[in-house]
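Source file run-v7.txt; content: compact mmCIF, C-alpha atoms.
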```txt
# COMPACT_ATOMS: atom_id res chain seq x y z
CA MET A 1 -45.31 -29.34 39.95
CA THR A 2 -45.73 -33.09 39.61
CA ALA A 3 -45.99 -35.26 42.68
CA PRO A 4 -46.87 -38.85 43.52
CA VAL A 5 -50.53 -39.63 44.26
CA ALA A 6 -49.33 -41.48 47.38
CA VAL A 7 -46.00 -41.94 49.15
CA LEU A 8 -45.69 -44.97 51.41
CA VAL A 9 -43.34 -44.95 54.39
CA GLY A 10 -42.81 -47.44 57.20
CA PRO A 11 -40.42 -49.97 58.67
CA PRO A 12 -39.22 -53.24 57.18
CA GLY A 13 -42.14 -55.65 56.93
CA ALA A 14 -44.84 -52.98 56.77
CA GLY A 15 -45.82 -54.08 53.27
CA LYS A 16 -44.83 -50.93 51.38
CA SER A 17 -43.90 -52.79 48.18
CA THR A 18 -46.83 -55.21 48.15
CA VAL A 19 -49.40 -52.59 49.10
CA GLY A 20 -47.79 -50.01 46.80
CA GLU A 21 -48.15 -52.26 43.76
CA LEU A 22 -51.78 -53.10 44.63
CA LEU A 23 -52.60 -49.44 45.23
CA ALA A 24 -51.02 -48.42 41.92
CA ASP A 25 -53.04 -51.08 40.09
CA ARG A 26 -56.23 -49.97 41.82
CA LEU A 27 -55.58 -46.33 40.86
CA GLY A 28 -54.37 -47.09 37.33
CA VAL A 29 -51.00 -45.41 37.90
CA GLY A 30 -47.37 -46.50 37.93
CA TYR A 31 -45.50 -47.85 40.92
CA ARG A 32 -41.95 -46.97 41.96
CA ASP A 33 -39.76 -48.09 44.86
CA THR A 34 -36.74 -45.97 45.78
CA ASP A 35 -34.88 -49.03 47.10
CA ALA A 36 -35.13 -50.54 43.60
CA ASP A 37 -33.86 -47.24 42.16
CA ILE A 38 -30.83 -47.37 44.48
CA VAL A 39 -30.05 -50.97 43.52
CA ALA A 40 -30.28 -50.05 39.83
CA THR A 41 -28.02 -47.01 40.28
CA ALA A 42 -25.42 -48.79 42.42
CA GLY A 43 -25.52 -52.03 40.47
CA LYS A 44 -25.58 -54.10 43.66
CA PRO A 45 -27.96 -55.06 46.46
CA ILE A 46 -28.52 -52.68 49.37
CA SER A 47 -26.89 -55.11 51.81
CA GLU A 48 -23.69 -54.96 49.71
CA ILE A 49 -23.79 -51.16 49.59
CA PHE A 50 -23.92 -51.10 53.40
CA ILE A 51 -21.06 -53.59 53.74
CA GLU A 52 -18.78 -52.32 50.97
CA ASP A 53 -19.50 -48.58 50.98
CA GLY A 54 -21.01 -47.91 54.40
CA GLU A 55 -24.31 -46.53 55.62
CA PRO A 56 -23.44 -42.85 54.94
CA HIS A 57 -22.88 -43.66 51.24
CA PHE A 58 -26.15 -45.61 51.12
CA ARG A 59 -28.03 -42.72 52.77
CA ALA A 60 -26.60 -40.28 50.20
CA LEU A 61 -27.82 -42.55 47.38
CA GLU A 62 -31.17 -42.85 49.11
CA ARG A 63 -31.56 -39.08 49.55
CA GLU A 64 -30.91 -38.57 45.83
CA ALA A 65 -33.24 -41.42 44.82
CA VAL A 66 -36.07 -39.97 46.90
CA ARG A 67 -35.52 -36.44 45.56
CA ALA A 68 -35.51 -37.67 41.94
CA ALA A 69 -38.61 -39.82 42.44
CA LEU A 70 -40.56 -37.05 44.13
CA GLU A 71 -39.73 -34.69 41.26
CA THR A 72 -40.64 -37.06 38.43
CA HIS A 73 -43.01 -39.82 39.58
CA THR A 74 -46.76 -39.21 39.56
CA GLY A 75 -47.95 -42.65 40.67
CA VAL A 76 -47.49 -44.54 43.93
CA LEU A 77 -44.05 -44.28 45.52
CA SER A 78 -42.58 -46.46 48.27
CA LEU A 79 -39.61 -45.17 50.24
CA GLY A 80 -37.01 -47.29 52.00
CA GLY A 81 -37.65 -47.67 55.71
CA GLY A 82 -34.88 -45.29 56.77
CA ALA A 83 -35.43 -42.54 54.20
CA ILE A 84 -37.32 -40.42 56.73
CA MET A 85 -34.24 -40.24 58.97
CA ASP A 86 -32.86 -37.54 56.66
CA GLY A 87 -34.09 -34.04 57.49
CA GLU A 88 -33.87 -32.91 53.86
CA THR A 89 -36.06 -35.84 52.80
CA ARG A 90 -38.62 -35.02 55.49
CA LYS A 91 -38.78 -31.43 54.17
CA LEU A 92 -39.37 -32.74 50.64
CA LEU A 93 -42.30 -34.80 51.94
CA THR A 94 -44.03 -31.78 53.50
CA GLY A 95 -47.52 -31.35 52.09
CA LEU A 96 -47.42 -34.57 50.08
CA PRO A 97 -49.91 -37.46 50.45
CA VAL A 98 -47.65 -39.55 52.69
CA VAL A 99 -49.03 -42.68 54.35
CA PHE A 100 -47.26 -44.35 57.26
CA LEU A 101 -47.89 -48.10 57.14
CA ASP A 102 -47.65 -48.97 60.80
CA VAL A 103 -46.80 -52.55 61.68
CA GLU A 104 -46.09 -54.32 64.93
CA LEU A 105 -43.00 -56.49 65.37
CA ALA A 106 -44.92 -59.79 65.37
CA ASP A 107 -46.55 -58.96 62.03
CA ALA A 108 -43.25 -57.77 60.52
CA VAL A 109 -41.61 -61.06 61.53
CA LYS A 110 -44.45 -63.05 59.93
CA ARG A 111 -44.21 -61.08 56.70
CA VAL A 112 -40.49 -60.96 56.04
CA GLY A 113 -38.85 -62.85 58.84
CA LEU A 114 -36.04 -60.95 60.39
CA ASP A 115 -33.36 -63.15 58.92
CA ALA A 116 -33.66 -61.49 55.52
CA PRO A 117 -30.63 -59.49 54.34
CA ARG A 118 -31.48 -56.26 56.16
CA PRO A 119 -28.24 -54.62 57.28
CA LEU A 120 -29.65 -52.69 60.22
CA LEU A 121 -31.29 -55.81 61.63
CA ALA A 122 -28.35 -58.20 61.31
CA VAL A 123 -27.61 -58.74 65.01
CA ASN A 124 -30.49 -59.52 67.42
CA PRO A 125 -33.12 -58.50 64.86
CA ARG A 126 -36.09 -58.25 67.24
CA LYS A 127 -34.24 -55.92 69.60
CA GLN A 128 -32.84 -53.91 66.68
CA TRP A 129 -36.30 -53.60 65.12
CA ARG A 130 -37.78 -52.30 68.40
CA GLU A 131 -34.96 -49.75 68.78
CA LEU A 132 -35.25 -48.74 65.14
CA MET A 133 -38.98 -48.10 65.61
CA GLU A 134 -38.40 -46.08 68.79
CA ARG A 135 -36.23 -43.72 66.71
CA ARG A 136 -38.31 -43.75 63.55
CA ARG A 137 -41.96 -43.84 64.67
CA PRO A 138 -42.07 -40.11 65.55
CA LEU A 139 -40.55 -39.28 62.15
CA TYR A 140 -42.95 -41.52 60.23
CA THR A 141 -45.82 -39.85 62.08
CA GLU A 142 -44.38 -36.37 61.45
CA VAL A 143 -44.38 -36.77 57.66
CA ALA A 144 -47.64 -38.72 57.38
CA ARG A 145 -50.96 -37.32 56.27
CA ALA A 146 -52.47 -40.70 57.22
CA VAL A 147 -51.40 -43.59 59.45
CA ILE A 148 -52.70 -47.02 58.49
CA ALA A 149 -52.23 -49.93 60.90
CA THR A 150 -51.49 -53.01 58.82
CA GLY A 151 -51.89 -55.70 61.49
CA GLU A 152 -54.59 -58.28 60.81
CA ARG A 153 -55.28 -56.69 57.41
CA THR A 154 -54.67 -58.10 53.97
CA PRO A 155 -52.61 -56.01 51.53
CA GLU A 156 -55.84 -55.41 49.59
CA ASP A 157 -57.53 -54.08 52.75
CA VAL A 158 -54.58 -51.77 53.42
CA ALA A 159 -54.69 -50.45 49.84
CA ALA A 160 -58.44 -49.80 50.22
CA ALA A 161 -57.80 -47.99 53.52
CA ILE A 162 -55.24 -45.74 51.78
CA VAL A 163 -57.73 -44.92 49.01
CA ASP A 164 -60.25 -43.92 51.69
CA ALA A 165 -57.77 -42.03 53.89
CA LEU A 166 -56.38 -39.96 51.02
CA GLU A 167 -59.75 -39.72 49.25
CA LEU A 168 -58.27 -41.10 46.03
CA ARG A 169 -60.28 -42.23 43.03
CA PRO A 170 -59.72 -45.77 41.76
CA ALA A 171 -59.09 -46.09 38.01
CA ALA A 172 -62.64 -47.27 37.22
CA ASP A 173 -64.07 -44.21 39.03
CA ALA A 174 -61.60 -41.84 37.37
CA ALA A 175 -62.72 -42.97 33.91
CA ARG A 176 -66.35 -42.13 34.70
CA PRO A 177 -67.29 -38.47 34.18
CA ALA A 178 -68.03 -36.67 37.44
CA GLY A 179 -71.72 -36.45 38.30
CA ARG A 180 -72.76 -39.25 35.95
CA GLU A 181 -73.78 -42.61 37.27
CA GLU A 182 -73.64 -45.75 35.21
CA GLN A 183 -77.08 -46.96 34.22
CA ALA A 184 -78.08 -50.55 34.82
```

Could you take the file, read its structure, and then write that structure out as structure tokens?
Amino acid sequence: MTAPVAVLVGPPGAGKSTVGELLADRLGVGYRDTDADIVATAGKPISEIFIEDGEPHFRALEREAVRAALETHTGVLSLGGGAIMDGETRKLLTGLPVVFLDVELADAVKRVGLDAPRPLLAVNPRKQWRELMERRRPLYTEVARAVIATGERTPEDVAAAIVDALELRPAADAARPAGREEQA
């Protein structure tokens, strides 16, 4: 069975895409984002899917995108913030190297602002974000092998923390035969 080397989960503004790309580069593997897969499949932005087709349709697309990515992608995978709300998706994540990128509201606001086109945060974004996290935090924690707090850390520091937490080998280390040190 193939599986991603790391699966990143977390709320909007956690840095899943930025950190995911850095982590993939560090490990010498590919990067994939299920939100991008959904946009490619639907042929329109997620905000339009929500408005035109409704959240249930979006969640069905998301469930399928996650399933397909988990079956075929062997690099770093970032899931949309709400993917863990689906029980079937949580089951698929069982036993996988899932990392919850935990972020506080103030940091999320600094990173993405809450005026970005995020359908579930459209009205009173700070209040919606807090309520969203009250519902999702236990689910993020449930699926996670590791929880990495992202506050006051650079994306590079977060990627390094993931490498340590999951005991991954960066690309330069992977190329070196085990048990052999480079000579100076």

message: Would you pick out the contacts of stretch 143-150 of chain A at 10 Å or less, using only C-alpha atoms, so that residues sharing its chain but fewer than 4 positions from it are not included, and give the list as a ChimeraX atom specification?
response: /A:6-10,13-15,19,84,89-104,107-108,138-139,154-155,157-159,161-162,165-166

query: With only C-alpha atoms as the atoms that count, which of A:Glu142, A:Glu62, A:Asp25, A:Glu71 lies nearest to A:Asp37?
result: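 Nearest candidate to A:Asp37 out of A:Glu142, A:Glu62, A:Asp25, A:Glu71: A:Glu62.
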
- prompt: Please, what distance in Å, to one decimal, runs between atom CA of A:Thr141 and atom CA of A:Ala69?
  reply: 20.9 Å

statement: note - atom CA of A:Val76 and atom CA of A:Glu48 are separated by 26.6 Å

Within 8 Å of A:Thr34 using only C-alpha atoms, minus same-chain residues under 4 positions, as an MDAnalysis selection string: chainID A and resid 38 62 65:66 69 77:80

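Interatomic distance, atom CA of A:Phe50 against atom CA of A:Arg136: 19.1 Å.
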
task: Find the residue from A:Asp53, A:Val5, A:Gly81, A:Pro12 that sits nearest to A:Tyr140; use only C-alpha atoms when measuring.
output: A:Gly81

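For the choices A:Ala160, A:Met133, A:Ala40, A:Met85, the atom-to-atom distance to A:Leu23 is smallest for A:Ala160 when using all atoms listed in the file.
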
Enclose all atoms of stretch 50-66 of chain A listed in the file in an axis-aligned box, grow every side by 6 Å, and hand back centre and edge lengths in Å to one decimal, as AutoDock Vina command-line options.
```
--center_x -27.4 --center_y -46.1 --center_z 50.2 --size_x 29.3 --size_y 27.0 --size_z 22.8
```

query: Of the candidates A:Gly30, A:Arg63, A:Glu21, A:Asp35, which shows the shortest atom-to-atom distance to A:Ser47, using all atoms listed in the file?
result: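 Using all atoms listed in the file, A:Ser47 sits closest to A:Asp35.
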
task: Would you mind telling me which residue in A:Gly82, A:Thr72, A:Arg32, A:Lys16 lies nearest to A:Arg137 when using all atoms listed in the file?
output: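 Going through A:Gly82, A:Thr72, A:Arg32, A:Lys16 one by one, the smallest distance to A:Arg137 is for A:Gly82.
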
field: Counting all atoms listed in the file, the residue of A:Pro11, A:Pro4, A:Arg26, A:Leu105 that sits nearest A:Glu156
entry: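 Smallest distance to A:Glu156 is found for A:Arg26.
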
Pull out stretch 87-100 of chain A, keep all heavy atoms, and write it as an mmCIF file, in the first residue's frame.
```cif
data_model
loop_
_atom_site.group_PDB
_atom_site.id
_atom_site.type_symbol
_atom_site.label_atom_id
_atom_site.label_comp_id
_atom_site.auth_asym_id
_atom_site.auth_seq_id
_atom_site.Cartn_x
_atom_site.Cartn_y
_atom_site.Cartn_z
ATOM 1 N N GLY A 87 -16.506 11.474 8.833
ATOM 2 C CA GLY A 87 -16.104 10.269 9.538
ATOM 3 C C GLY A 87 -15.344 9.286 8.665
ATOM 4 O O GLY A 87 -14.377 8.653 9.112
ATOM 5 N N GLU A 88 -15.758 9.154 7.413
ATOM 6 C CA GLU A 88 -15.071 8.248 6.484
ATOM 7 C C GLU A 88 -13.628 8.710 6.257
ATOM 8 O O GLU A 88 -12.703 7.900 6.233
ATOM 9 C CB GLU A 88 -15.836 8.213 5.153
ATOM 10 C CG GLU A 88 -15.294 7.238 4.145
ATOM 11 C CD GLU A 88 -16.107 7.246 2.860
ATOM 12 O OE1 GLU A 88 -17.358 7.305 2.926
ATOM 13 O OE2 GLU A 88 -15.491 7.195 1.783
ATOM 14 N N THR A 89 -13.445 10.014 6.120
ATOM 15 C CA THR A 89 -12.101 10.558 5.929
ATOM 16 C C THR A 89 -11.246 10.295 7.167
ATOM 17 O O THR A 89 -10.091 9.887 7.052
ATOM 18 C CB THR A 89 -12.167 12.060 5.617
ATOM 19 O OG1 THR A 89 -12.829 12.225 4.354
ATOM 20 C CG2 THR A 89 -10.787 12.689 5.545
ATOM 21 N N ARG A 90 -11.815 10.499 8.351
ATOM 22 C CA ARG A 90 -11.051 10.239 9.574
ATOM 23 C C ARG A 90 -10.614 8.768 9.634
ATOM 24 O O ARG A 90 -9.490 8.477 10.034
ATOM 25 C CB ARG A 90 -11.842 10.634 10.815
ATOM 26 C CG ARG A 90 -11.996 12.141 10.961
ATOM 27 C CD ARG A 90 -12.475 12.568 12.331
ATOM 28 N NE ARG A 90 -13.673 11.909 12.790
ATOM 29 C CZ ARG A 90 -14.925 12.270 12.483
ATOM 30 N NH1 ARG A 90 -15.132 13.316 11.681
ATOM 31 N NH2 ARG A 90 -15.960 11.622 12.975
ATOM 32 N N LYS A 91 -11.479 7.857 9.210
ATOM 33 C CA LYS A 91 -11.108 6.430 9.196
ATOM 34 C C LYS A 91 -9.945 6.189 8.238
ATOM 35 O O LYS A 91 -9.032 5.419 8.539
ATOM 36 C CB LYS A 91 -12.303 5.565 8.790
ATOM 37 C CG LYS A 91 -13.319 5.394 9.882
ATOM 38 C CD LYS A 91 -14.476 4.531 9.412
ATOM 39 C CE LYS A 91 -15.588 4.537 10.444
ATOM 40 N NZ LYS A 91 -16.812 3.901 9.934
ATOM 41 N N LEU A 92 -9.986 6.856 7.077
ATOM 42 C CA LEU A 92 -8.905 6.687 6.100
ATOM 43 C C LEU A 92 -7.564 7.181 6.640
ATOM 44 O O LEU A 92 -6.511 6.712 6.232
ATOM 45 C CB LEU A 92 -9.236 7.432 4.804
ATOM 46 C CG LEU A 92 -10.377 6.878 3.962
ATOM 47 C CD1 LEU A 92 -10.694 7.827 2.806
ATOM 48 C CD2 LEU A 92 -10.032 5.491 3.427
ATOM 49 N N LEU A 93 -7.612 8.144 7.551
ATOM 50 C CA LEU A 93 -6.388 8.723 8.106
ATOM 51 C C LEU A 93 -5.791 7.887 9.240
ATOM 52 O O LEU A 93 -4.650 8.110 9.648
ATOM 53 C CB LEU A 93 -6.662 10.146 8.611
ATOM 54 C CG LEU A 93 -7.011 11.166 7.531
ATOM 55 C CD1 LEU A 93 -7.446 12.483 8.158
ATOM 56 C CD2 LEU A 93 -5.852 11.364 6.572
ATOM 57 N N THR A 94 -6.540 6.902 9.723
ATOM 58 C CA THR A 94 -6.079 6.067 10.830
ATOM 59 C C THR A 94 -4.752 5.409 10.486
ATOM 60 O O THR A 94 -4.607 4.780 9.439
ATOM 61 C CB THR A 94 -7.130 4.982 11.165
ATOM 62 O OG1 THR A 94 -8.349 5.629 11.516
ATOM 63 C CG2 THR A 94 -6.665 4.104 12.313
ATOM 64 N N GLY A 95 -3.793 5.576 11.380
ATOM 65 C CA GLY A 95 -2.485 4.945 11.214
ATOM 66 C C GLY A 95 -1.528 5.674 10.294
ATOM 67 O O GLY A 95 -0.388 5.248 10.138
ATOM 68 N N LEU A 96 -1.982 6.751 9.679
ATOM 69 C CA LEU A 96 -1.112 7.502 8.764
ATOM 70 C C LEU A 96 -0.346 8.590 9.527
ATOM 71 O O LEU A 96 -0.754 9.009 10.611
ATOM 72 C CB LEU A 96 -1.935 8.125 7.638
ATOM 73 C CG LEU A 96 -2.626 7.134 6.696
ATOM 74 C CD1 LEU A 96 -3.399 7.881 5.619
ATOM 75 C CD2 LEU A 96 -1.613 6.191 6.060
ATOM 76 N N PRO A 97 0.749 9.088 8.945
ATOM 77 C CA PRO A 97 1.548 10.131 9.597
ATOM 78 C C PRO A 97 0.883 11.508 9.447
ATOM 79 O O PRO A 97 1.305 12.348 8.655
ATOM 80 C CB PRO A 97 2.883 10.057 8.855
ATOM 81 C CG PRO A 97 2.512 9.550 7.490
ATOM 82 C CD PRO A 97 1.354 8.617 7.705
ATOM 83 N N VAL A 98 -0.161 11.714 10.229
ATOM 84 C CA VAL A 98 -0.944 12.949 10.163
ATOM 85 C C VAL A 98 -0.392 13.942 11.178
ATOM 86 O O VAL A 98 -0.143 13.592 12.338
ATOM 87 C CB VAL A 98 -2.438 12.678 10.447
ATOM 88 C CG1 VAL A 98 -3.235 13.978 10.424
ATOM 89 C CG2 VAL A 98 -2.996 11.675 9.444
ATOM 90 N N VAL A 99 -0.224 15.189 10.734
ATOM 91 C CA VAL A 99 0.254 16.264 11.598
ATOM 92 C C VAL A 99 -0.797 17.366 11.632
ATOM 93 O O VAL A 99 -1.211 17.875 10.588
ATOM 94 C CB VAL A 99 1.593 16.839 11.084
ATOM 95 C CG1 VAL A 99 2.066 17.988 11.971
ATOM 96 C CG2 VAL A 99 2.646 15.746 11.005
ATOM 97 N N PHE A 100 -1.218 17.705 12.833
ATOM 98 C CA PHE A 100 -2.153 18.811 13.048
ATOM 99 C C PHE A 100 -1.327 20.066 13.260
ATOM 100 O O PHE A 100 -0.590 20.180 14.232
ATOM 101 C CB PHE A 100 -3.039 18.501 14.255
ATOM 102 C CG PHE A 100 -3.837 19.654 14.818
ATOM 103 C CD1 PHE A 100 -4.257 20.721 14.037
ATOM 104 C CD2 PHE A 100 -4.199 19.648 16.148
ATOM 105 C CE1 PHE A 100 -5.007 21.771 14.566
ATOM 106 C CE2 PHE A 100 -4.947 20.688 16.700
ATOM 107 C CZ PHE A 100 -5.344 21.749 15.910
#
```
